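The next block is protein_17.json, given as JSON, C-alpha atoms.
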[["chain", "number", "residue", "atom", "x", "y", "z"],
["A", 1, "MET", "CA", -13.85, -19.17, 17.79],
["A", 2, "LYS", "CA", -10.83, -20.27, 19.79],
["A", 3, "ARG", "CA", -7.97, -20.68, 17.31],
["A", 4, "ILE", "CA", -7.06, -18.24, 14.54],
["A", 5, "GLY", "CA", -4.23, -17.72, 12.07],
["A", 6, "ILE", "CA", -2.59, -14.62, 10.66],
["A", 7, "LEU", "CA", -0.52, -14.06, 7.53],
["A", 8, "THR", "CA", 0.94, -11.21, 5.50],
["A", 9, "SER", "CA", 0.95, -11.56, 1.74],
["A", 10, "GLY", "CA", 2.09, -9.77, -1.40],
["A", 11, "GLY", "CA", 4.20, -6.63, -1.16],
["A", 12, "ASP", "CA", 5.21, -5.61, 2.36],
["A", 13, "SER", "CA", 4.02, -2.29, 3.77],
["A", 14, "PRO", "CA", 4.93, -0.29, 6.88],
["A", 15, "GLY", "CA", 2.38, -1.04, 9.61],
["A", 16, "MET", "CA", 2.04, -4.76, 8.96],
["A", 17, "ASN", "CA", 3.94, -5.49, 12.18],
["A", 18, "ALA", "CA", 1.65, -3.19, 14.12],
["A", 19, "ALA", "CA", -1.32, -5.17, 12.78],
["A", 20, "ILE", "CA", 0.30, -8.51, 13.69],
["A", 21, "ARG", "CA", 0.97, -7.24, 17.22],
["A", 22, "SER", "CA", -2.61, -6.06, 17.64],
["A", 23, "VAL", "CA", -4.12, -9.33, 16.36],
["A", 24, "VAL", "CA", -1.96, -11.47, 18.65],
["A", 25, "ARG", "CA", -2.46, -9.49, 21.83],
["A", 26, "CYS", "CA", -6.16, -8.74, 21.32],
["A", 27, "ALA", "CA", -6.85, -12.40, 20.55],
["A", 28, "ILE", "CA", -4.88, -13.71, 23.55],
["A", 29, "ASP", "CA", -6.73, -11.22, 25.75],
["A", 30, "ARG", "CA", -9.96, -12.97, 24.71],
["A", 31, "GLY", "CA", -8.52, -16.41, 25.44],
["A", 32, "MET", "CA", -7.90, -17.33, 21.81],
["A", 33, "GLU", "CA", -4.88, -19.13, 20.39],
["A", 34, "VAL", "CA", -3.02, -17.39, 17.56],
["A", 35, "TYR", "CA", -0.87, -19.09, 14.92],
["A", 36, "GLY", "CA", 1.48, -17.13, 12.70],
["A", 37, "ILE", "CA", 1.77, -18.32, 9.10],
["A", 38, "HIS", "CA", 5.14, -17.48, 7.57],
["A", 39, "ARG", "CA", 5.67, -16.39, 3.94],
["A", 40, "GLY", "CA", 2.01, -15.79, 3.20],
["A", 41, "TYR", "CA", 0.01, -18.31, 1.20],
["A", 42, "GLU", "CA", 3.21, -20.00, 0.06],
["A", 43, "GLY", "CA", 4.11, -20.75, 3.67],
["A", 44, "LEU", "CA", 0.57, -21.88, 4.38],
["A", 45, "LEU", "CA", 0.82, -24.51, 1.66],
["A", 46, "ASP", "CA", 4.06, -25.75, 3.20],
["A", 47, "GLY", "CA", 2.74, -25.77, 6.76],
["A", 48, "GLU", "CA", 5.06, -23.02, 8.03],
["A", 49, "ILE", "CA", 2.80, -22.35, 11.00],
["A", 50, "THR", "CA", 3.84, -21.59, 14.59],
["A", 51, "ARG", "CA", 1.96, -20.59, 17.69],
["A", 52, "MET", "CA", 2.46, -16.99, 18.79],
["A", 53, "ASP", "CA", 2.37, -15.45, 22.26],
["A", 54, "ARG", "CA", 2.61, -11.94, 23.67],
["A", 55, "ASN", "CA", 6.40, -12.02, 23.68],
["A", 56, "SER", "CA", 6.61, -12.99, 20.01],
["A", 57, "VAL", "CA", 5.24, -9.57, 19.03],
["A", 58, "GLY", "CA", 7.29, -7.50, 21.46],
["A", 59, "ASP", "CA", 9.27, -4.52, 20.15],
["A", 60, "ILE", "CA", 7.85, -4.68, 16.61],
["A", 61, "LEU", "CA", 5.34, -1.80, 16.60],
["A", 62, "HIS", "CA", 7.87, 0.65, 15.16],
["A", 63, "ARG", "CA", 9.45, -1.71, 12.64],
["A", 64, "GLY", "CA", 8.76, -1.76, 8.90],
["A", 65, "GLY", "CA", 8.44, -4.97, 6.90],
["A", 66, "THR", "CA", 6.75, -7.99, 8.48],
["A", 67, "ILE", "CA", 8.08, -10.46, 11.03],
["A", 68, "LEU", "CA", 5.96, -13.17, 9.40],
["A", 69, "LYS", "CA", 7.70, -12.57, 6.05],
["A", 70, "THR", "CA", 5.76, -12.42, 2.81],
["A", 71, "ALA", "CA", 5.78, -14.00, -0.62],
["A", 72, "ARG", "CA", 3.76, -14.31, -3.79],
["A", 73, "SER", "CA", 2.47, -17.82, -4.44],
["A", 74, "GLN", "CA", 1.64, -19.15, -7.88],
["A", 75, "ARG", "CA", 0.77, -22.53, -6.36],
["A", 76, "PHE", "CA", -2.01, -20.95, -4.32],
["A", 77, "GLN", "CA", -3.58, -19.42, -7.42],
["A", 78, "THR", "CA", -4.99, -22.80, -8.50],
["A", 79, "ASP", "CA", -8.04, -24.69, -7.27],
["A", 80, "GLU", "CA", -5.74, -27.39, -5.94],
["A", 81, "GLY", "CA", -3.67, -24.80, -4.09],
["A", 82, "VAL", "CA", -6.69, -23.22, -2.41],
["A", 83, "SER", "CA", -8.00, -26.64, -1.38],
["A", 84, "ARG", "CA", -4.63, -27.63, 0.06],
["A", 85, "ALA", "CA", -4.41, -24.34, 1.98],
["A", 86, "ALA", "CA", -7.86, -24.92, 3.49],
["A", 87, "GLU", "CA", -6.87, -28.46, 4.44],
["A", 88, "MET", "CA", -3.69, -27.20, 6.10],
["A", 89, "LEU", "CA", -5.71, -24.77, 8.21],
["A", 90, "GLY", "CA", -7.95, -27.66, 9.19],
["A", 91, "THR", "CA", -4.94, -29.77, 10.13],
["A", 92, "PHE", "CA", -3.89, -27.11, 12.62],
["A", 93, "GLY", "CA", -7.45, -26.59, 13.84],
["A", 94, "ILE", "CA", -7.45, -22.96, 12.67],
["A", 95, "GLU", "CA", -11.04, -21.74, 12.41],
["A", 96, "GLY", "CA", -10.47, -18.16, 11.23],
["A", 97, "LEU", "CA", -7.77, -16.29, 9.37],
["A", 98, "VAL", "CA", -6.56, -12.67, 9.32],
["A", 99, "VAL", "CA", -5.04, -11.76, 5.95],
["A", 100, "ILE", "CA", -3.00, -8.56, 5.71],
["A", 101, "GLY", "CA", -2.27, -7.51, 2.15],
["A", 102, "GLY", "CA", -3.48, -5.83, -1.00],
["A", 103, "ASP", "CA", -6.07, -6.67, -3.63],
["A", 104, "GLY", "CA", -4.54, -9.98, -4.69],
["A", 105, "SER", "CA", -4.04, -11.11, -1.09],
["A", 106, "LEU", "CA", -7.62, -10.32, -0.13],
["A", 107, "HIS", "CA", -8.91, -12.10, -3.23],
["A", 108, "GLY", "CA", -6.93, -15.12, -2.01],
["A", 109, "GLY", "CA", -8.71, -14.78, 1.32],
["A", 110, "LEU", "CA", -12.02, -14.67, -0.52],
["A", 111, "GLU", "CA", -11.23, -18.01, -2.17],
["A", 112, "LEU", "CA", -10.48, -19.53, 1.25],
["A", 113, "SER", "CA", -13.73, -18.14, 2.62],
["A", 114, "ARG", "CA", -15.54, -20.15, -0.04],
["A", 115, "LYS", "CA", -13.98, -23.23, 1.54],
["A", 116, "GLY", "CA", -15.68, -22.45, 4.84],
["A", 117, "ILE", "CA", -12.87, -20.44, 6.47],
["A", 118, "SER", "CA", -13.84, -17.17, 8.17],
["A", 119, "VAL", "CA", -11.43, -14.58, 6.74],
["A", 120, "MET", "CA", -10.85, -11.02, 7.91],
["A", 121, "GLY", "CA", -8.97, -8.91, 5.37],
["A", 122, "LEU", "CA", -6.86, -5.93, 6.42],
["A", 123, "PRO", "CA", -5.76, -3.45, 3.70],
["A", 124, "GLY", "CA", -1.96, -3.78, 3.83],
["A", 125, "THR", "CA", -0.54, -2.06, 0.76],
["A", 126, "ILE", "CA", 1.32, 1.18, 0.09],
["A", 127, "ASP", "CA", -0.61, 1.74, -3.16],
["A", 128, "ASN", "CA", -3.90, 2.86, -1.55],
["A", 129, "ASP", "CA", -5.72, 1.04, -4.35],
["A", 130, "LEU", "CA", -8.53, -0.68, -2.43],
["A", 131, "GLY", "CA", -11.79, 1.13, -3.11],
["A", 132, "TYR", "CA", -13.69, 0.14, 0.02],
["A", 133, "THR", "CA", -11.35, 2.02, 2.41],
["A", 134, "ASP", "CA", -10.20, 5.64, 2.41],
["A", 135, "TYR", "CA", -6.63, 4.67, 3.25],
["A", 136, "THR", "CA", -4.55, 1.50, 3.31],
["A", 137, "ILE", "CA", -1.93, 0.43, 5.85],
["A", 138, "GLY", "CA", 1.47, 1.71, 4.68],
["A", 139, "PHE", "CA", 0.26, 4.41, 2.30],
["A", 140, "ASP", "CA", 0.90, 7.33, 4.64],
["A", 141, "THR", "CA", 4.43, 6.13, 5.41],
["A", 142, "ALA", "CA", 5.21, 5.64, 1.72],
["A", 143, "VAL", "CA", 4.09, 9.18, 0.89],
["A", 144, "SER", "CA", 6.15, 10.53, 3.79],
["A", 145, "THR", "CA", 9.20, 8.70, 2.41],
["A", 146, "VAL", "CA", 8.60, 10.22, -1.02],
["A", 147, "LEU", "CA", 8.27, 13.70, 0.49],
["A", 148, "GLU", "CA", 11.58, 13.29, 2.30],
["A", 149, "ALA", "CA", 13.24, 12.27, -0.96],
["A", 150, "ILE", "CA", 11.67, 15.21, -2.82],
["A", 151, "SER", "CA", 13.07, 17.65, -0.25],
["A", 152, "LYS", "CA", 16.58, 16.30, -0.78],
["A", 153, "LEU", "CA", 16.24, 16.16, -4.55],
["A", 154, "ARG", "CA", 14.96, 19.74, -4.58],
["A", 155, "ASP", "CA", 18.19, 20.88, -2.90],
["A", 156, "THR", "CA", 20.40, 19.40, -5.60],
["A", 157, "SER", "CA", 18.00, 20.37, -8.41],
["A", 158, "SER", "CA", 18.14, 23.96, -7.19],
["A", 159, "ALA", "CA", 21.95, 23.89, -6.95],
["A", 160, "HIS", "CA", 22.25, 22.76, -10.60],
["A", 161, "ASP", "CA", 19.24, 24.63, -12.04],
["A", 162, "ARG", "CA", 17.85, 21.34, -13.37],
["A", 163, "THR", "CA", 14.59, 19.45, -13.67],
["A", 164, "THR", "CA", 14.22, 16.15, -11.81],
["A", 165, "VAL", "CA", 11.73, 13.42, -12.70],
["A", 166, "VAL", "CA", 10.92, 11.40, -9.58],
["A", 167, "GLU", "CA", 9.42, 7.97, -10.28],
["A", 168, "VAL", "CA", 7.29, 6.50, -7.48],
["A", 169, "MET", "CA", 5.34, 3.27, -7.14],
["A", 170, "GLY", "CA", 1.80, 2.92, -8.46],
["A", 171, "ARG", "CA", 1.14, 0.69, -11.45],
["A", 172, "HIS", "CA", -2.63, 1.04, -11.53],
["A", 173, "CYS", "CA", -3.36, 3.60, -8.82],
["A", 174, "GLY", "CA", -1.42, 6.86, -8.74],
["A", 175, "ASP", "CA", -2.29, 7.97, -5.20],
["A", 176, "ILE", "CA", 1.33, 7.99, -3.97],
["A", 177, "ALA", "CA", 2.29, 10.35, -6.80],
["A", 178, "LEU", "CA", -0.90, 12.39, -6.40],
["A", 179, "TYR", "CA", -0.60, 13.00, -2.65],
["A", 180, "ALA", "CA", 3.19, 13.47, -2.75],
["A", 181, "GLY", "CA", 2.86, 15.85, -5.69],
["A", 182, "LEU", "CA", 0.39, 18.04, -3.83],
["A", 183, "ALA", "CA", 2.27, 18.05, -0.52],
["A", 184, "GLY", "CA", 5.69, 18.28, -2.18],
["A", 185, "GLY", "CA", 4.97, 21.19, -4.48],
["A", 186, "ALA", "CA", 5.58, 19.34, -7.74],
["A", 187, "GLU", "CA", 5.30, 21.23, -11.01],
["A", 188, "ALA", "CA", 3.46, 18.30, -12.61],
["A", 189, "VAL", "CA", 2.26, 14.80, -11.73],
["A", 190, "LEU", "CA", 1.87, 11.93, -14.21],
["A", 191, "LEU", "CA", -0.58, 9.20, -13.25],
["A", 192, "PRO", "CA", -1.98, 5.98, -14.77],
["A", 193, "GLU", "CA", -5.49, 7.46, -14.42],
["A", 194, "VAL", "CA", -4.80, 10.52, -16.61],
["A", 195, "ASN", "CA", -3.35, 10.97, -20.09],
["A", 196, "GLN", "CA", -0.91, 13.83, -19.53],
["A", 197, "ASP", "CA", 0.28, 16.04, -22.42],
["A", 198, "VAL", "CA", 4.09, 16.19, -22.20],
["A", 199, "ASN", "CA", 4.08, 19.40, -24.25],
["A", 200, "GLU", "CA", 1.94, 21.01, -21.58],
["A", 201, "ILE", "CA", 4.47, 20.00, -18.92],
["A", 202, "CYS", "CA", 7.29, 21.47, -20.97],
["A", 203, "ARG", "CA", 5.38, 24.73, -21.50],
["A", 204, "HIS", "CA", 4.78, 24.86, -17.76],
["A", 205, "ILE", "CA", 8.51, 24.47, -17.04],
["A", 206, "ILE", "CA", 9.44, 27.15, -19.60],
["A", 207, "GLU", "CA", 6.82, 29.58, -18.27],
["A", 208, "GLY", "CA", 8.14, 28.99, -14.75],
["A", 209, "ARG", "CA", 11.70, 29.70, -15.92],
["A", 210, "ASN", "CA", 10.50, 32.96, -17.50],
["A", 211, "ARG", "CA", 9.14, 33.94, -14.10],
["A", 212, "GLY", "CA", 12.52, 33.25, -12.51],
["A", 213, "LYS", "CA", 11.99, 29.64, -11.44],
["A", 214, "LEU", "CA", 15.27, 27.78, -11.97],
["A", 215, "HIS", "CA", 14.40, 24.17, -11.06],
["A", 216, "SER", "CA", 11.42, 21.82, -11.28],
["A", 217, "ILE", "CA", 10.24, 18.57, -9.71],
["A", 218, "ILE", "CA", 8.06, 16.23, -11.78],
["A", 219, "ILE", "CA", 6.43, 13.24, -10.02],
["A", 220, "LYS", "CA", 5.63, 10.22, -12.18],
["A", 221, "ALA", "CA", 3.81, 7.07, -11.06],
["A", 222, "GLU", "CA", 5.40, 3.94, -12.51],
["A", 223, "GLY", "CA", 2.13, 3.10, -14.28],
["A", 224, "ALA", "CA", 1.94, 6.35, -16.26],
["A", 225, "ASP", "CA", 1.90, 5.89, -20.02],
["A", 226, "ILE", "CA", 5.46, 7.12, -20.63],
["A", 227, "SER", "CA", 8.77, 5.85, -19.29],
["A", 228, "SER", "CA", 10.68, 8.08, -16.89],
["A", 229, "GLN", "CA", 13.75, 8.12, -19.13],
["A", 230, "GLN", "CA", 11.74, 9.02, -22.20],
["A", 231, "LEU", "CA", 9.97, 11.76, -20.25],
["A", 232, "ALA", "CA", 13.29, 13.20, -19.04],
["A", 233, "GLU", "CA", 14.78, 13.15, -22.53],
["A", 234, "THR", "CA", 11.72, 14.90, -23.98],
["A", 235, "ILE", "CA", 11.73, 17.58, -21.28],
["A", 236, "GLU", "CA", 15.46, 18.24, -21.74],
["A", 237, "GLN", "CA", 15.09, 18.44, -25.51],
["A", 238, "LYS", "CA", 12.10, 20.78, -25.47],
["A", 239, "THR", "CA", 13.09, 23.03, -22.55],
["A", 240, "GLY", "CA", 16.85, 23.06, -22.88],
["A", 241, "LYS", "CA", 17.09, 22.30, -19.15],
["A", 242, "GLU", "CA", 19.24, 19.46, -17.85],
["A", 243, "THR", "CA", 16.84, 16.74, -16.64],
["A", 244, "LYS", "CA", 17.65, 13.80, -14.36],
["A", 245, "VAL", "CA", 15.64, 10.75, -13.26],
["A", 246, "ALA", "CA", 15.39, 9.48, -9.68],
["A", 247, "VAL", "CA", 13.61, 6.12, -9.24],
["A", 248, "LEU", "CA", 12.67, 5.63, -5.57],
["A", 249, "SER", "CA", 11.55, 2.01, -6.04],
["A", 250, "TYR", "CA", 11.53, -0.19, -2.91],
["A", 251, "LEU", "CA", 12.68, 2.65, -0.68],
["A", 252, "GLN", "CA", 8.98, 3.46, -0.41],
["A", 253, "ARG", "CA", 8.18, 0.10, 1.20],
["A", 254, "GLY", "CA", 10.56, 0.47, 4.13],
["A", 255, "GLY", "CA", 10.90, 2.61, 7.22],
["A", 256, "SER", "CA", 9.20, 3.02, 10.55],
["A", 257, "PRO", "CA", 5.42, 3.45, 10.09],
["A", 258, "THR", "CA", 3.87, 6.84, 10.75],
["A", 259, "LEU", "CA", 1.33, 7.59, 13.46],
["A", 260, "GLN", "CA", -1.51, 7.19, 10.96],
["A", 261, "ASP", "CA", -0.32, 3.79, 9.73],
["A", 262, "ARG", "CA", 0.36, 2.44, 13.23],
["A", 263, "ASN", "CA", -3.08, 3.43, 14.43],
["A", 264, "LEU", "CA", -4.87, 2.25, 11.28],
["A", 265, "ALA", "CA", -3.14, -1.13, 11.54],
["A", 266, "THR", "CA", -3.82, -1.48, 15.26],
["A", 267, "LEU", "CA", -7.49, -0.52, 15.09],
["A", 268, "THR", "CA", -8.38, -2.59, 12.02],
["A", 269, "ALA", "CA", -6.61, -5.61, 13.53],
["A", 270, "ALA", "CA", -8.50, -5.23, 16.80],
["A", 271, "LYS", "CA", -11.74, -5.11, 14.81],
["A", 272, "ALA", "CA", -10.75, -8.29, 12.96],
["A", 273, "VAL", "CA", -10.27, -10.16, 16.26],
["A", 274, "GLU", "CA", -13.58, -8.88, 17.58],
["A", 275, "LEU", "CA", -15.39, -10.15, 14.48],
["A", 276, "LEU", "CA", -13.67, -13.55, 14.61],
["A", 277, "TRP", "CA", -14.54, -13.88, 18.30],
["A", 278, "ASP", "CA", -18.17, -13.25, 17.36],
["A", 279, "ASP", "CA", -17.96, -15.87, 14.56],
["A", 280, "ALA", "CA", -18.78, -13.25, 11.94],
["A", 281, "GLU", "CA", -18.76, -14.03, 8.25],
["A", 282, "SER", "CA", -15.75, -12.96, 6.18],
["A", 283, "LYS", "CA", -15.16, -9.21, 6.09],
["A", 284, "ALA", "CA", -12.88, -6.57, 4.62],
["A", 285, "ILE", "CA", -11.94, -4.04, 7.29],
["A", 286, "GLY", "CA", -10.83, -0.48, 6.65],
["A", 287, "ILE", "CA", -11.48, 3.15, 7.50],
["A", 288, "CYS", "CA", -14.08, 5.53, 6.07],
["A", 289, "ARG", "CA", -14.48, 9.14, 7.21],
["A", 290, "GLY", "CA", -12.41, 8.40, 10.29],
["A", 291, "GLU", "CA", -14.44, 5.37, 11.40],
["A", 292, "ILE", "CA", -13.29, 1.73, 11.35],
["A", 293, "VAL", "CA", -15.65, -0.19, 9.06],
["A", 294, "ALA", "CA", -16.21, -3.80, 8.04],
["A", 295, "TYR", "CA", -17.88, -4.82, 4.79],
["A", 296, "ASP", "CA", -18.72, -8.17, 3.25],
["A", 297, "LEU", "CA", -15.43, -9.37, 1.79],
["A", 298, "ALA", "CA", -16.77, -10.28, -1.65],
["A", 299, "GLU", "CA", -18.70, -7.02, -2.01],
["A", 300, "ALA", "CA", -15.80, -4.88, -0.76],
["A", 301, "LEU", "CA", -13.46, -6.25, -3.42],
["A", 302, "THR", "CA", -15.80, -5.11, -6.19],
["A", 303, "VAL", "CA", -15.64, -1.45, -5.10],
["A", 304, "LYS", "CA", -13.58, 0.61, -7.56],
["A", 305, "ARG", "CA", -11.16, 3.27, -6.37],
["A", 306, "GLU", "CA", -12.44, 6.76, -7.24],
["A", 307, "PHE", "CA", -9.88, 9.14, -8.72],
["A", 308, "ASP", "CA", -9.66, 12.51, -6.96],
["A", 309, "GLN", "CA", -9.86, 14.88, -9.91],
["A", 310, "GLU", "CA", -10.12, 17.96, -7.71],
["A", 311, "MET", "CA", -6.81, 17.20, -5.99],
["A", 312, "TYR", "CA", -5.17, 16.59, -9.35],
["A", 313, "ASP", "CA", -6.44, 19.90, -10.73],
["A", 314, "LEU", "CA", -5.30, 21.74, -7.61],
["A", 315, "ILE", "CA", -1.68, 20.67, -8.20],
["A", 316, "SER", "CA", -1.72, 22.50, -11.53],
["A", 317, "VAL", "CA", -3.20, 25.62, -9.95],
["A", 318, "LEU", "CA", -0.68, 25.75, -7.11],
["A", 319, "SER", "CA", 2.38, 25.12, -9.28],
["A", 320, "LYS", "CA", 1.84, 28.18, -11.48]]
How does this structure look as structure tokens?
Amino acid sequence: MKRIGILTSGGDSPGMNAAIRSVVRCAIDRGMEVYGIHRGYEGLLDGEITRMDRNSVGDILHRGGTILKTARSQRFQTDEGVSRAAEMLGTFGIEGLVVIGGDGSLHGGLELSRKGISVMGLPGTIDNDLGYTDYTIGFDTAVSTVLEAISKLRDTSSAHDRTTVVEVMGRHCGDIALYAGLAGGAEAVLLPEVNQDVNEICRHIIEGRNRGKLHSIIIKAEGADISSQQLAETIEQKTGKETKVAVLSYLQRGGSPTLQDRNLATLTAAKAVELLWDDAESKAIGICRGEIVAYDLAEALTVKREFDQEMYDLISVLSK
């Protein structure tokens, strides 16, 4: 394979630029041509495709976001859109494609693979919601951002003797809340995977106050079955403690990627180039037990994310 394309799709995540850099330079080192596709599948449909060289990925390793930009494309989600995208790749002579994104992006890559395009999917999403890989590119940075926010919120919560509900991203997978809750010493964590009893949380806060604890941090994933404002109002009513809401929102998507995300992005991208060079069939690339792995793309996307019940239970034990 001599000519490949690369795109980033869906929500951006820290480490995408590190993956782009690795794809471009590893491919050029093998004598391959690399074409960057701007604005994901939407840009592919419009032919926003330019050739990349070593200089085009200089000084981006440490930057968040994605130099190729990203977008969500409704046009691509039709049979006509997928066919047009495949034709556009053919027009540019692109034989293989590296797709960096989450579940929806990799499913888009799967549709292109059914049109005869060799697609290598890299797990670029802060949500950590792809079951075939232990971690996704951007997850570690997002959790680190949440932890930094928790530390600052704890200072002001302590000063005012209040409870703070911190809402983090995670509509269907609560890993950001789960990991940040454990590492950040949260009193409780609300997740989409678990039906949490609000009365239990309130009892926990009151019992902590009786032991001399004057402030509390509650982490709530956006997909939990209660709104942050409703949760705060209930806690304040039942505990008598002033309760505020802090929604971190898109703050979690930005920032310089951590060591883990830079290395995960770089190594999975290098593996993608190796597989394309060898004319391998479409794969989903990730990390399992510290090893870079590549699975059949279609099979990988059927793997369900397993909820870590032990970690969740440990948060309750440690917060008492």
So which one's closest to A:His38, A:Leu7, A:Leu191, A:Ala85, A:Val166? Using only C-alpha atoms, please. A:Leu7
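Distances from A:Val143, A:Gly184, A:Thr133, A:Ala86 to A:Glu111 were compared using all atoms listed in the file, and the smallest one belongs to A:Ala86.
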Which residue is closest to A:Gln229? Choose from A:Val317, A:Ile217, A:Val247, A:Leu297 and count all atoms listed in the file. A:Val247
Here atom CA of A:Arg289 and atom CA of A:Asn17 stand apart by 24.0 Å
Cut-off 10 Å around (-9.0, -20.3, 2.1) with all atoms listed in the file: residues as a ChimeraX atom specification: /A:41,44,76,81-89,96-97,107-119
Shell around stretch 255-264 of chain A at 10 Å using all atoms listed in the file, local window under 5 positions removed, as a ChimeraX atom specification: /A:13-19,60-65,122-124,135-142,144-145,269-270,286-287,290,292
With distances taken over only C-alpha atoms, which residue among A:Ile201, A:Val194, A:Val34, A:Ile150 lies nearest A:Asp308?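 Checking each of A:Ile201, A:Val194, A:Val34, A:Ile150 against A:Asp308, counting only C-alpha atoms, the winner is A:Val194.
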Selected residue, from A:Glu33, A:Asp127, A:Glu80, A:Asp161, that lies nearest to A:Glu242 when counting all atoms listed in the file: A:Asp161
Name the residues in contact with A:His215 at a cut-off of 9 Å, using all atoms listed in the file, excluding same-chain residues fewer than 5 positions from it; report them as a PyMOL selection string. chain A and resi 154+157-164+205+208-209+241
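Reported to one decimal place, the separation of atom CA of A:Leu251 from atom CA of A:Leu106 is 24.1 Å.
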Of the listed residues A:Val98, A:Val146, A:Ile28, A:Val57, that which approaches A:Met120 most closely, counting all atoms listed in the file: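 Nearest candidate to A:Met120 out of A:Val98, A:Val146, A:Ile28, A:Val57: A:Val98.
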So that I can check the surroundings of A:Asn55, please list as a PDB file with C-alpha atoms, in the coordinates of the input every protein, DNA and RNA residue that reaches within 12 Å of it, counting only C-alpha atoms and ignoring chain neighbours fewer than 4 positions away.
ATOM      1  CA  ARG A  21       0.970  -7.240  17.220  1.00  0.00           C
ATOM      2  CA  VAL A  24      -1.960 -11.470  18.650  1.00  0.00           C
ATOM      3  CA  ARG A  25      -2.460  -9.490  21.830  1.00  0.00           C
ATOM      4  CA  ILE A  28      -4.880 -13.710  23.550  1.00  0.00           C
ATOM      5  CA  ARG A  51       1.960 -20.590  17.690  1.00  0.00           C
ATOM      6  CA  ASP A  59       9.270  -4.520  20.150  1.00  0.00           C
ATOM      7  CA  ILE A  60       7.850  -4.680  16.610  1.00  0.00           C
TER       8      ILE A  60
END
Extract, using only C-alpha atoms, all DNA, RNA and protein residues at most 8 Å from A:Ala183, discarding same-chain residues fewer than 3 positions from it, and format them as a ChimeraX atom specification. /A:147,179-180
